[in-house]
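Chemist: If it helps, the file is called final.pdb and holds PDB, C-alpha atoms, pLDDT in the B column:
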ATOM      1  CA  TYR A   1      44.714 123.517 -62.860  1.00 92.00           C
ATOM      2  CA  ARG A   2      44.955 125.468 -59.602  1.00 93.00           C
ATOM      3  CA  ALA A   3      41.164 125.234 -59.142  1.00 94.00           C
ATOM      4  CA  ILE A   4      41.036 121.497 -59.928  1.00 91.00           C
ATOM      5  CA  PHE A   5      43.943 120.494 -57.700  1.00 91.00           C
ATOM      6  CA  GLY A   6      42.783 122.933 -55.016  1.00 93.00           C
ATOM      7  CA  ALA A   7      39.309 121.366 -54.940  1.00 93.00           C
ATOM      8  CA  CYS A   8      40.840 117.887 -54.708  1.00 92.00           C
ATOM      9  CA  THR A   9      43.030 118.990 -51.797  1.00 94.00           C
ATOM     10  CA  VAL A  10      40.065 120.550 -49.990  1.00 94.00           C
ATOM     11  CA  MET A  11      38.131 117.287 -50.352  1.00 95.00           C
ATOM     12  CA  MET A  12      41.027 115.150 -49.090  1.00 95.00           C
ATOM     13  CA  GLU A  13      41.583 117.445 -46.102  1.00 95.00           C
ATOM     14  CA  ALA A  14      37.831 117.390 -45.364  1.00 96.00           C
ATOM     15  CA  ILE A  15      37.932 113.598 -45.125  1.00 96.00           C
ATOM     16  CA  ARG A  16      40.706 113.804 -42.539  1.00 94.00           C
ATOM     17  CA  ASP A  17      38.887 116.580 -40.660  1.00 95.00           C
ATOM     18  CA  LEU A  18      35.576 114.705 -40.439  1.00 96.00           C
ATOM     19  CA  PRO A  19      34.970 113.452 -36.903  1.00 96.00           C
ATOM     20  CA  GLN A  20      33.589 110.176 -38.273  1.00 96.00           C
ATOM     21  CA  PRO A  21      35.882 107.453 -39.625  1.00 97.00           C
ATOM     22  CA  VAL A  22      35.745 107.208 -43.431  1.00 97.00           C
ATOM     23  CA  ILE A  23      36.044 103.759 -45.033  1.00 98.00           C
ATOM     24  CA  ALA A  24      37.026 103.286 -48.681  1.00 98.00           C
ATOM     25  CA  GLN A  25      35.435 100.367 -50.507  1.00 98.00           C
ATOM     26  CA  VAL A  26      37.539  99.499 -53.555  1.00 98.00           C
ATOM     27  CA  GLN A  27      36.440  97.048 -56.209  1.00 96.00           C
ATOM     28  CA  GLY A  28      38.391  98.042 -59.308  1.00 95.00           C
ATOM     29  CA  MET A  29      41.423 100.080 -60.291  1.00 97.00           C
ATOM     30  CA  ALA A  30      42.231 103.054 -58.036  1.00 97.00           C
ATOM     31  CA  THR A  31      44.641 105.280 -59.953  1.00 96.00           C
ATOM     32  CA  ALA A  32      46.102 108.728 -59.277  1.00 95.00           C
ATOM     33  CA  ALA A  33      43.420 110.666 -57.358  1.00 94.00           C
ATOM     34  CA  GLY A  34      41.581 107.376 -56.746  1.00 96.00           C
ATOM     35  CA  CYS A  35      44.655 105.941 -55.060  1.00 97.00           C
ATOM     36  CA  GLN A  36      45.002 109.263 -53.235  1.00 97.00           C
ATOM     37  CA  LEU A  37      41.432 108.907 -51.974  1.00 97.00           C
ATOM     38  CA  VAL A  38      42.062 105.374 -50.688  1.00 98.00           C
ATOM     39  CA  ALA A  39      45.249 106.511 -48.915  1.00 97.00           C
ATOM     40  CA  THR A  40      43.378 109.482 -47.418  1.00 97.00           C
ATOM     41  CA  CYS A  41      40.485 107.435 -46.024  1.00 98.00           C
ATOM     42  CA  ASP A  42      40.880 106.213 -42.456  1.00 97.00           C
ATOM     43  CA  LEU A  43      40.297 102.569 -43.388  1.00 98.00           C
ATOM     44  CA  ALA A  44      39.927 100.648 -46.642  1.00 98.00           C
ATOM     45  CA  VAL A  45      38.441  97.330 -47.721  1.00 98.00           C
ATOM     46  CA  ALA A  46      39.269  96.028 -51.197  1.00 98.00           C
ATOM     47  CA  SER A  47      38.110  93.204 -53.410  1.00 98.00           C
ATOM     48  CA  GLN A  48      40.713  90.667 -54.491  1.00 98.00           C
ATOM     49  CA  GLU A  49      40.564  92.138 -57.992  1.00 97.00           C
ATOM     50  CA  ALA A  50      41.346  95.719 -56.914  1.00 98.00           C
ATOM     51  CA  ARG A  51      44.569  97.364 -58.029  1.00 98.00           C
ATOM     52  CA  PHE A  52      46.273 100.605 -57.053  1.00 98.00           C
ATOM     53  CA  ALA A  53      48.565 102.893 -59.053  1.00 97.00           C
ATOM     54  CA  THR A  54      49.954 106.406 -59.386  1.00 97.00           C
ATOM     55  CA  PRO A  55      50.660 106.338 -63.144  1.00 96.00           C
ATOM     56  CA  GLY A  56      51.019 110.065 -63.813  1.00 94.00           C
ATOM     57  CA  VAL A  57      54.761 109.768 -64.423  1.00 93.00           C
ATOM     58  CA  ARG A  58      53.992 107.746 -67.565  1.00 93.00           C
ATOM     59  CA  ILE A  59      52.181 110.713 -69.149  1.00 93.00           C
ATOM     60  CA  GLY A  60      54.538 113.423 -67.943  1.00 94.00           C
ATOM     61  CA  LEU A  61      52.521 114.428 -64.880  1.00 89.00           C
ATOM     62  CA  PHE A  62      54.022 113.224 -61.589  1.00 93.00           C
ATOM     63  CA  CYS A  63      51.360 112.410 -58.981  1.00 94.00           C
ATOM     64  CA  HIS A  64      52.437 115.220 -56.651  1.00 94.00           C
ATOM     65  CA  THR A  65      49.188 115.470 -54.675  1.00 94.00           C
ATOM     66  CA  PRO A  66      48.517 111.710 -54.465  1.00 96.00           C
ATOM     67  CA  GLN A  67      52.001 111.300 -52.993  1.00 96.00           C
ATOM     68  CA  VAL A  68      50.967 113.226 -49.856  1.00 95.00           C
ATOM     69  CA  PRO A  69      48.625 110.621 -48.313  1.00 96.00           C
ATOM     70  CA  LEU A  70      50.342 107.702 -50.063  1.00 96.00           C
ATOM     71  CA  SER A  71      53.704 108.514 -48.462  1.00 95.00           C
ATOM     72  CA  ARG A  72      51.975 108.697 -45.083  1.00 94.00           C
ATOM     73  CA  ALA A  73      50.075 105.429 -45.548  1.00 95.00           C
ATOM     74  CA  ILE A  74      52.892 103.150 -46.706  1.00 96.00           C
ATOM     75  CA  ALA A  75      56.677 102.901 -46.423  1.00 94.00           C
ATOM     76  CA  PRO A  76      58.484 105.738 -48.235  1.00 94.00           C
ATOM     77  CA  LYS A  77      60.523 103.490 -50.548  1.00 96.00           C
ATOM     78  CA  LYS A  78      57.437 101.600 -51.707  1.00 96.00           C
ATOM     79  CA  ALA A  79      55.476 104.831 -52.164  1.00 97.00           C
ATOM     80  CA  LEU A  80      58.304 106.288 -54.215  1.00 96.00           C
ATOM     81  CA  GLU A  81      58.500 103.117 -56.298  1.00 97.00           C
ATOM     82  CA  MET A  82      54.788 103.425 -57.096  1.00 97.00           C
ATOM     83  CA  LEU A  83      55.201 107.119 -57.913  1.00 97.00           C
ATOM     84  CA  LEU A  84      58.335 106.689 -60.070  1.00 96.00           C
ATOM     85  CA  THR A  85      57.220 103.623 -62.044  1.00 96.00           C
ATOM     86  CA  GLY A  86      53.471 104.103 -62.298  1.00 96.00           C
ATOM     87  CA  GLN A  87      53.146 100.319 -62.066  1.00 96.00           C
ATOM     88  CA  PRO A  88      49.988  99.056 -60.354  1.00 97.00           C
ATOM     89  CA  ILE A  89      50.079  96.901 -57.237  1.00 97.00           C
ATOM     90  CA  SER A  90      47.607  94.161 -56.380  1.00 97.00           C
ATOM     91  CA  ALA A  91      45.071  94.317 -53.573  1.00 98.00           C
ATOM     92  CA  GLN A  92      47.101  91.715 -51.714  1.00 98.00           C
ATOM     93  CA  GLU A  93      50.261  93.842 -51.919  1.00 97.00           C
ATOM     94  CA  ALA A  94      48.268  96.930 -50.909  1.00 98.00           C
ATOM     95  CA  GLU A  95      47.132  95.036 -47.815  1.00 98.00           C
ATOM     96  CA  ARG A  96      50.685  93.905 -47.027  1.00 97.00           C
ATOM     97  CA  LEU A  97      51.910  97.496 -47.363  1.00 97.00           C
ATOM     98  CA  GLY A  98      49.104  98.902 -45.196  1.00 96.00           C
ATOM     99  CA  LEU A  99      47.272 100.815 -47.923  1.00 98.00           C
ATOM    100  CA  VAL A 100      44.159  98.709 -47.289  1.00 98.00           C
ATOM    101  CA  ASN A 101      43.018  96.948 -44.135  1.00 97.00           C
ATOM    102  CA  LYS A 102      41.354  93.920 -45.640  1.00 97.00           C
ATOM    103  CA  VAL A 103      41.062  92.110 -48.973  1.00 98.00           C
ATOM    104  CA  VAL A 104      37.961  90.028 -49.629  1.00 98.00           C
ATOM    105  CA  PRO A 105      36.263  88.274 -52.550  1.00 98.00           C
ATOM    106  CA  ALA A 106      34.320  90.716 -54.750  1.00 97.00           C
ATOM    107  CA  GLU A 107      30.976  89.220 -53.752  1.00 97.00           C
ATOM    108  CA  ALA A 108      31.717  89.883 -50.053  1.00 97.00           C
ATOM    109  CA  LEU A 109      33.069  93.443 -50.466  1.00 98.00           C
ATOM    110  CA  ALA A 110      29.931  95.418 -49.610  1.00 97.00           C
ATOM    111  CA  GLU A 111      29.029  93.212 -46.645  1.00 97.00           C
ATOM    112  CA  GLU A 112      32.565  93.220 -45.209  1.00 97.00           C
ATOM    113  CA  THR A 113      32.743  97.019 -45.481  1.00 98.00           C
ATOM    114  CA  LEU A 114      29.346  97.378 -43.833  1.00 97.00           C
ATOM    115  CA  THR A 115      30.336  94.942 -41.065  1.00 97.00           C
ATOM    116  CA  LEU A 116      33.423  97.032 -40.327  1.00 97.00           C
ATOM    117  CA  ALA A 117      31.361 100.239 -40.297  1.00 97.00           C
ATOM    118  CA  ARG A 118      28.742  98.699 -37.993  1.00 97.00           C
ATOM    119  CA  HIS A 119      31.422  97.504 -35.591  1.00 96.00           C
ATOM    120  CA  ILE A 120      32.951 100.980 -35.417  1.00 96.00           C
ATOM    121  CA  ALA A 121      29.514 102.584 -35.053  1.00 96.00           C
ATOM    122  CA  GLN A 122      28.988 100.724 -31.761  1.00 94.00           C
ATOM    123  CA  ALA A 123      31.528 103.037 -30.105  1.00 95.00           C
ATOM    124  CA  SER A 124      30.822 106.487 -28.732  1.00 96.00           C
ATOM    125  CA  PRO A 125      30.778 109.007 -31.607  1.00 95.00           C
ATOM    126  CA  LEU A 126      32.572 111.507 -29.365  1.00 96.00           C
ATOM    127  CA  THR A 127      35.275 108.978 -28.484  1.00 95.00           C
ATOM    128  CA  LEU A 128      35.720 108.111 -32.172  1.00 95.00           C
ATOM    129  CA  ALA A 129      36.038 111.792 -33.080  1.00 95.00           C
ATOM    130  CA  LEU A 130      38.593 112.428 -30.333  1.00 95.00           C
ATOM    131  CA  GLY A 131      40.524 109.303 -31.290  1.00 95.00           C
ATOM    132  CA  LYS A 132      40.634 110.131 -35.002  1.00 95.00           C
ATOM    133  CA  LYS A 133      41.765 113.697 -34.292  1.00 94.00           C
ATOM    134  CA  SER A 134      44.392 112.485 -31.831  1.00 94.00           C
ATOM    135  CA  PHE A 135      45.719 109.803 -34.178  1.00 94.00           C
ATOM    136  CA  TYR A 136      46.432 112.172 -37.052  1.00 93.00           C
ATOM    137  CA  ARG A 137      47.833 114.892 -34.806  1.00 93.00           C
ATOM    138  CA  GLN A 138      50.225 112.668 -32.851  1.00 94.00           C
ATOM    139  CA  ILE A 139      51.779 111.044 -35.936  1.00 90.00           C
ATOM    140  CA  GLU A 140      53.025 114.498 -36.971  1.00 90.00           C
ATOM    141  CA  LEU A 141      54.965 114.885 -33.691  1.00 91.00           C
ATOM    142  CA  ASP A 142      58.167 113.395 -32.355  1.00 92.00           C
ATOM    143  CA  GLU A 143      57.678 110.644 -29.763  1.00 94.00           C
ATOM    144  CA  HIS A 144      57.952 112.899 -26.711  1.00 95.00           C
ATOM    145  CA  GLY A 145      55.568 115.470 -28.198  1.00 93.00           C
ATOM    146  CA  ALA A 146      53.189 112.692 -29.222  1.00 93.00           C
ATOM    147  CA  TYR A 147      53.086 111.374 -25.653  1.00 94.00           C
ATOM    148  CA  ASP A 148      52.470 114.871 -24.271  1.00 95.00           C
ATOM    149  CA  TYR A 149      49.626 115.413 -26.728  1.00 92.00           C
ATOM    150  CA  ALA A 150      48.173 111.915 -26.216  1.00 93.00           C
ATOM    151  CA  LYS A 151      48.257 112.341 -22.422  1.00 93.00           C
ATOM    152  CA  GLU A 152      46.210 115.540 -22.676  1.00 93.00           C
ATOM    153  CA  MET A 153      43.746 113.905 -25.078  1.00 93.00           C
ATOM    154  CA  MET A 154      43.442 110.921 -22.710  1.00 91.00           C
ATOM    155  CA  ILE A 155      42.566 113.278 -19.850  1.00 93.00           C
ATOM    156  CA  LEU A 156      40.068 115.175 -22.024  1.00 92.00           C
ATOM    157  CA  ASN A 157      38.456 111.896 -23.104  1.00 92.00           C
ATOM    158  CA  ALA A 158      38.374 110.486 -19.553  1.00 93.00           C
ATOM    159  CA  LEU A 159      36.397 113.521 -18.388  1.00 94.00           C
ATOM    160  CA  THR A 160      33.588 113.029 -20.929  1.00 94.00           C
ATOM    161  CA  GLU A 161      30.139 111.779 -20.057  1.00 93.00           C
ATOM    162  CA  ASP A 162      30.536 108.986 -22.630  1.00 93.00           C
ATOM    163  CA  ALA A 163      33.691 107.720 -20.880  1.00 93.00           C
ATOM    164  CA  ARG A 164      31.860 107.591 -17.547  1.00 94.00           C
ATOM    165  CA  GLU A 165      28.951 105.811 -19.234  1.00 90.00           C
ATOM    166  CA  GLY A 166      31.253 103.329 -20.987  1.00 94.00           C
ATOM    167  CA  ILE A 167      33.086 102.426 -17.780  1.00 93.00           C
ATOM    168  CA  SER A 168      29.814 102.121 -15.880  1.00 93.00           C
ATOM    169  CA  ALA A 169      28.291  99.927 -18.594  1.00 92.00           C
ATOM    170  CA  PHE A 170      31.394  97.716 -18.636  1.00 93.00           C
ATOM    171  CA  LEU A 171      31.291  97.237 -14.869  1.00 93.00           C
ATOM    172  CA  SER A 172      27.537  96.620 -14.949  1.00 95.00           C
ATOM    173  CA  LYS A 173      27.872  94.228 -17.918  1.00 95.00           C
ATOM    174  CA  ARG A 174      25.389  96.176 -20.027  1.00 92.00           C
ATOM    175  CA  THR A 175      25.420  97.953 -23.389  1.00 92.00           C
ATOM    176  CA  PRO A 176      26.415 101.620 -23.074  1.00 92.00           C
ATOM    177  CA  GLN A 177      24.001 104.356 -24.039  1.00 91.00           C
ATOM    178  CA  TRP A 178      26.127 106.999 -25.753  1.00 91.00           C
ATOM    179  CA  LYS A 179      25.149 110.650 -25.557  1.00 93.00           C
ATOM    180  CA  GLY A 180      28.030 112.103 -27.550  1.00 88.00           C
ATOM    181  CA  LYS A 181      29.059 114.256 -24.590  1.00 92.00           C
TER
END
Could you write out this structure as structure tokens?

Modeler:
Amino acid sequence: YRAIFGACTVMMEAIRDLPQPVIAQVQGMATAAGCQLVATCDLAVASQEARFATPGVRIGLFCHTPQVPLSRAIAPKKALEMLLTGQPISAQEAERLGLVNKVVPAEALAEETLTLARHIAQASPLTLALGKKSFYRQIELDEHGAYDYAKEMMILNALTEDAREGISAFLSKRTPQWKGK
């Protein structure tokens, strides 16, 4: 059990540590570690038929590890309700709670996910990496600490070659040419 749950934790932490945004595409039932994976991903698009659950409690195995990202993705009382009852929620409720970003018809799922990824991919990869790192770090801090950290990250980002290029491209009304520096 230690090896299995350890490997799952390593994978979930790797997703958060990746500099690139990770988008979940959910078309069916995401239960236990599947729900954990959706909550861990940076963004999520789901089909209207998708459902989400942490049903371990019903078989005598509380979803201890899935609760980590779930309790950070949605309101604590709703997360605890999911964990204590094991009852699934609909894609629409998952969207309302903030577990997924968008719910679409099943036939549009792949295209909508790809559209979101393409839109994100237009930004500087360095800026995305800095932003993702900053987002997850600052939410762990109190407000004052978060501002201190965010201010330093803003300065670091402003000094990059990609920031200079982005500002120049904006002023020149042209598409930026990112270098990742």

Chemist: Can you translate the PyMOL selection byres ((chain A and resi 49) around 8) into the concrete residues it hits in this file, as a ChimeraX atom specification?

Modeler: /A:27-28,46-48,50-51,90-91,105-106

Chemist: Spell out the residues picked by the PyMOL selection byres ((chain A and resi 122-131) around 12) here, as a VMD selection string.

Modeler: chain A and resid 16 to 22 42 115 to 121 132 to 138 149 to 150 152 to 167 175 to 181

Chemist: Work out how far apart atom CA of Met82 of chain A and atom CA of Glu107 of chain A are and give it in Å to one decimal.

Modeler: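 Computing the Euclidean distance for atom CA of Met82 of chain A and atom CA of Glu107 of chain A yields 27.9 Å.
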
Chemist: I need the residue nearest Gly60 of chain A from this list: A:Ala94, A:Cys8, A:Val104, A:Leu83. Use all atoms listed in the file for the distance.

Modeler: A:Leu83

Chemist: What is the distance between atom CA of Thr85 of chain A and atom CA of Leu99 of chain A, in Å to one decimal?

Modeler: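 Interatomic distance, atom CA of Thr85 of chain A to atom CA of Leu99 of chain A: 17.5 Å.
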
Chemist: Restricting the calculation to all atoms listed in the file, which member of A:Gln25, A:Gln87, A:Thr113, A:Thr54 is positioned closest to Leu70 of chain A?

Modeler: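 So, comparing all the options, the nearest one is A:Thr54.
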
Chemist: If you measure from atom CA of Ile23 of chain A to atom CA of Pro55 of chain A, what distance in Å do you get, rounded to one decimal?

Modeler: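 Going from atom CA of Ile23 of chain A over to atom CA of Pro55 of chain A, I get 23.4 Å.
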
Chemist: Excluding Cys41 of chain A and its own-chain neighbours fewer than 2 positions away, which residues fall within 7 Å of it when counting all atoms listed in the file? Please give them as a compact mmCIF listing (two decimals) with C-alpha atoms, keeping the file's coordinate frame.

Modeler:
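Okay, this is what ended up in around31.txt:
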# COMPACT_ATOMS: atom_id res chain seq x y z
CA ILE A 15 37.93 113.60 -45.12
CA VAL A 22 35.74 107.21 -43.43
CA ILE A 23 36.04 103.76 -45.03
CA ALA A 24 37.03 103.29 -48.68
CA LEU A 37 41.43 108.91 -51.97
CA VAL A 38 42.06 105.37 -50.69
CA ALA A 39 45.25 106.51 -48.92
CA LEU A 43 40.30 102.57 -43.39
CA ALA A 44 39.93 100.65 -46.64

Chemist: Using all atoms listed in the file for the distances, tell me which of A:Ala3, A:Ala33, A:Ile139, A:Leu114 is nearest to His64 of chain A.

Modeler: A:Ala33

Chemist: Assuming 6 Å of padding per side, give the centre and edge lengths of the axis-aligned box around every listed atom of segment 82-85 of chain A, in Å to one decimal and as AutoDock Vina command-line options.

Modeler:
--center_x 56.6 --center_y 105.3 --center_z -59.6 --size_x 15.5 --size_y 15.7 --size_z 16.9

Chemist: Using the chain letters and numbers from the file, which residues does the PyMOL selection byres ((chain A and resi 32) around 10) grab, as a ChimeraX atom specification?

Modeler: /A:29-31,33-37,52-56,62-67,83,86

Chemist: As a PDB file, keeping the file's coordinate frame, please: segment 102-123 of chain A completed to N, CA, C and O atoms.

Modeler:
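part_0.pdb was written with the following content:
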ATOM      1  N   LYS A 102      41.868  95.272 -45.430  1.00 97.00           N
ATOM      2  CA  LYS A 102      41.354  93.920 -45.640  1.00 97.00           C
ATOM      3  C   LYS A 102      41.074  93.712 -47.119  1.00 97.00           C
ATOM      4  O   LYS A 102      40.598  94.620 -47.799  1.00 97.00           O
ATOM      5  N   VAL A 103      41.369  92.504 -47.602  1.00 98.00           N
ATOM      6  CA  VAL A 103      41.062  92.110 -48.973  1.00 98.00           C
ATOM      7  C   VAL A 103      40.099  90.942 -48.909  1.00 98.00           C
ATOM      8  O   VAL A 103      40.334  89.979 -48.170  1.00 98.00           O
ATOM      9  N   VAL A 104      39.016  91.047 -49.664  1.00 98.00           N
ATOM     10  CA  VAL A 104      37.961  90.028 -49.629  1.00 98.00           C
ATOM     11  C   VAL A 104      37.511  89.704 -51.053  1.00 98.00           C
ATOM     12  O   VAL A 104      37.749  90.483 -51.977  1.00 98.00           O
ATOM     13  N   PRO A 105      36.837  88.566 -51.235  1.00 98.00           N
ATOM     14  CA  PRO A 105      36.263  88.274 -52.550  1.00 98.00           C
ATOM     15  C   PRO A 105      35.275  89.368 -52.956  1.00 98.00           C
ATOM     16  O   PRO A 105      34.611  89.974 -52.093  1.00 98.00           O
ATOM     17  N   ALA A 106      35.180  89.639 -54.241  1.00 97.00           N
ATOM     18  CA  ALA A 106      34.320  90.716 -54.750  1.00 97.00           C
ATOM     19  C   ALA A 106      32.887  90.613 -54.238  1.00 97.00           C
ATOM     20  O   ALA A 106      32.281  91.625 -53.870  1.00 97.00           O
ATOM     21  N   GLU A 107      32.371  89.391 -54.179  1.00 97.00           N
ATOM     22  CA  GLU A 107      30.976  89.220 -53.752  1.00 97.00           C
ATOM     23  C   GLU A 107      30.764  89.538 -52.264  1.00 97.00           C
ATOM     24  O   GLU A 107      29.634  89.739 -51.829  1.00 97.00           O
ATOM     25  N   ALA A 108      31.830  89.596 -51.491  1.00 97.00           N
ATOM     26  CA  ALA A 108      31.717  89.883 -50.053  1.00 97.00           C
ATOM     27  C   ALA A 108      32.116  91.320 -49.719  1.00 97.00           C
ATOM     28  O   ALA A 108      32.038  91.723 -48.554  1.00 97.00           O
ATOM     29  N   LEU A 109      32.528  92.104 -50.712  1.00 98.00           N
ATOM     30  CA  LEU A 109      33.069  93.443 -50.466  1.00 98.00           C
ATOM     31  C   LEU A 109      32.103  94.366 -49.731  1.00 98.00           C
ATOM     32  O   LEU A 109      32.451  94.945 -48.700  1.00 98.00           O
ATOM     33  N   ALA A 110      30.893  94.505 -50.239  1.00 97.00           N
ATOM     34  CA  ALA A 110      29.931  95.418 -49.610  1.00 97.00           C
ATOM     35  C   ALA A 110      29.609  94.982 -48.185  1.00 97.00           C
ATOM     36  O   ALA A 110      29.582  95.822 -47.271  1.00 97.00           O
ATOM     37  N   GLU A 111      29.390  93.708 -47.983  1.00 97.00           N
ATOM     38  CA  GLU A 111      29.029  93.212 -46.645  1.00 97.00           C
ATOM     39  C   GLU A 111      30.189  93.367 -45.663  1.00 97.00           C
ATOM     40  O   GLU A 111      29.982  93.753 -44.507  1.00 97.00           O
ATOM     41  N   GLU A 112      31.400  93.086 -46.090  1.00 97.00           N
ATOM     42  CA  GLU A 112      32.565  93.220 -45.209  1.00 97.00           C
ATOM     43  C   GLU A 112      32.779  94.687 -44.812  1.00 97.00           C
ATOM     44  O   GLU A 112      33.108  94.985 -43.668  1.00 97.00           O
ATOM     45  N   THR A 113      32.593  95.597 -45.765  1.00 98.00           N
ATOM     46  CA  THR A 113      32.743  97.019 -45.481  1.00 98.00           C
ATOM     47  C   THR A 113      31.665  97.468 -44.499  1.00 98.00           C
ATOM     48  O   THR A 113      31.951  98.181 -43.535  1.00 98.00           O
ATOM     49  N   LEU A 114      30.448  97.032 -44.727  1.00 97.00           N
ATOM     50  CA  LEU A 114      29.346  97.378 -43.833  1.00 97.00           C
ATOM     51  C   LEU A 114      29.543  96.776 -42.442  1.00 97.00           C
ATOM     52  O   LEU A 114      29.270  97.428 -41.428  1.00 97.00           O
ATOM     53  N   THR A 115      30.052  95.569 -42.357  1.00 97.00           N
ATOM     54  CA  THR A 115      30.336  94.942 -41.065  1.00 97.00           C
ATOM     55  C   THR A 115      31.363  95.758 -40.286  1.00 97.00           C
ATOM     56  O   THR A 115      31.203  95.996 -39.084  1.00 97.00           O
ATOM     57  N   LEU A 116      32.408  96.196 -40.970  1.00 97.00           N
ATOM     58  CA  LEU A 116      33.423  97.032 -40.327  1.00 97.00           C
ATOM     59  C   LEU A 116      32.813  98.342 -39.835  1.00 97.00           C
ATOM     60  O   LEU A 116      33.038  98.757 -38.694  1.00 97.00           O
ATOM     61  N   ALA A 117      32.009  98.979 -40.674  1.00 97.00           N
ATOM     62  CA  ALA A 117      31.361 100.239 -40.297  1.00 97.00           C
ATOM     63  C   ALA A 117      30.420 100.040 -39.101  1.00 97.00           C
ATOM     64  O   ALA A 117      30.407 100.864 -38.173  1.00 97.00           O
ATOM     65  N   ARG A 118      29.660  98.969 -39.110  1.00 97.00           N
ATOM     66  CA  ARG A 118      28.742  98.699 -37.993  1.00 97.00           C
ATOM     67  C   ARG A 118      29.498  98.460 -36.689  1.00 97.00           C
ATOM     68  O   ARG A 118      29.056  98.895 -35.627  1.00 97.00           O
ATOM     69  N   HIS A 119      30.620  97.762 -36.785  1.00 96.00           N
ATOM     70  CA  HIS A 119      31.422  97.504 -35.591  1.00 96.00           C
ATOM     71  C   HIS A 119      31.945  98.825 -35.015  1.00 96.00           C
ATOM     72  O   HIS A 119      31.870  99.056 -33.803  1.00 96.00           O
ATOM     73  N   ILE A 120      32.450  99.674 -35.855  1.00 96.00           N
ATOM     74  CA  ILE A 120      32.951 100.980 -35.417  1.00 96.00           C
ATOM     75  C   ILE A 120      31.820 101.822 -34.839  1.00 96.00           C
ATOM     76  O   ILE A 120      31.992 102.501 -33.824  1.00 96.00           O
ATOM     77  N   ALA A 121      30.658 101.771 -35.469  1.00 96.00           N
ATOM     78  CA  ALA A 121      29.514 102.584 -35.053  1.00 96.00           C
ATOM     79  C   ALA A 121      28.982 102.214 -33.673  1.00 96.00           C
ATOM     80  O   ALA A 121      28.202 102.966 -33.082  1.00 96.00           O
ATOM     81  N   GLN A 122      29.407 101.095 -33.112  1.00 94.00           N
ATOM     82  CA  GLN A 122      28.988 100.724 -31.761  1.00 94.00           C
ATOM     83  C   GLN A 122      29.683 101.561 -30.699  1.00 94.00           C
ATOM     84  O   GLN A 122      29.239 101.620 -29.560  1.00 94.00           O
ATOM     85  N   ALA A 123      30.774 102.219 -31.062  1.00 95.00           N
ATOM     86  CA  ALA A 123      31.528 103.037 -30.105  1.00 95.00           C
ATOM     87  C   ALA A 123      30.901 104.423 -29.975  1.00 95.00           C
ATOM     88  O   ALA A 123      30.107 104.844 -30.816  1.00 95.00           O
TER      89      ALA A 123
END
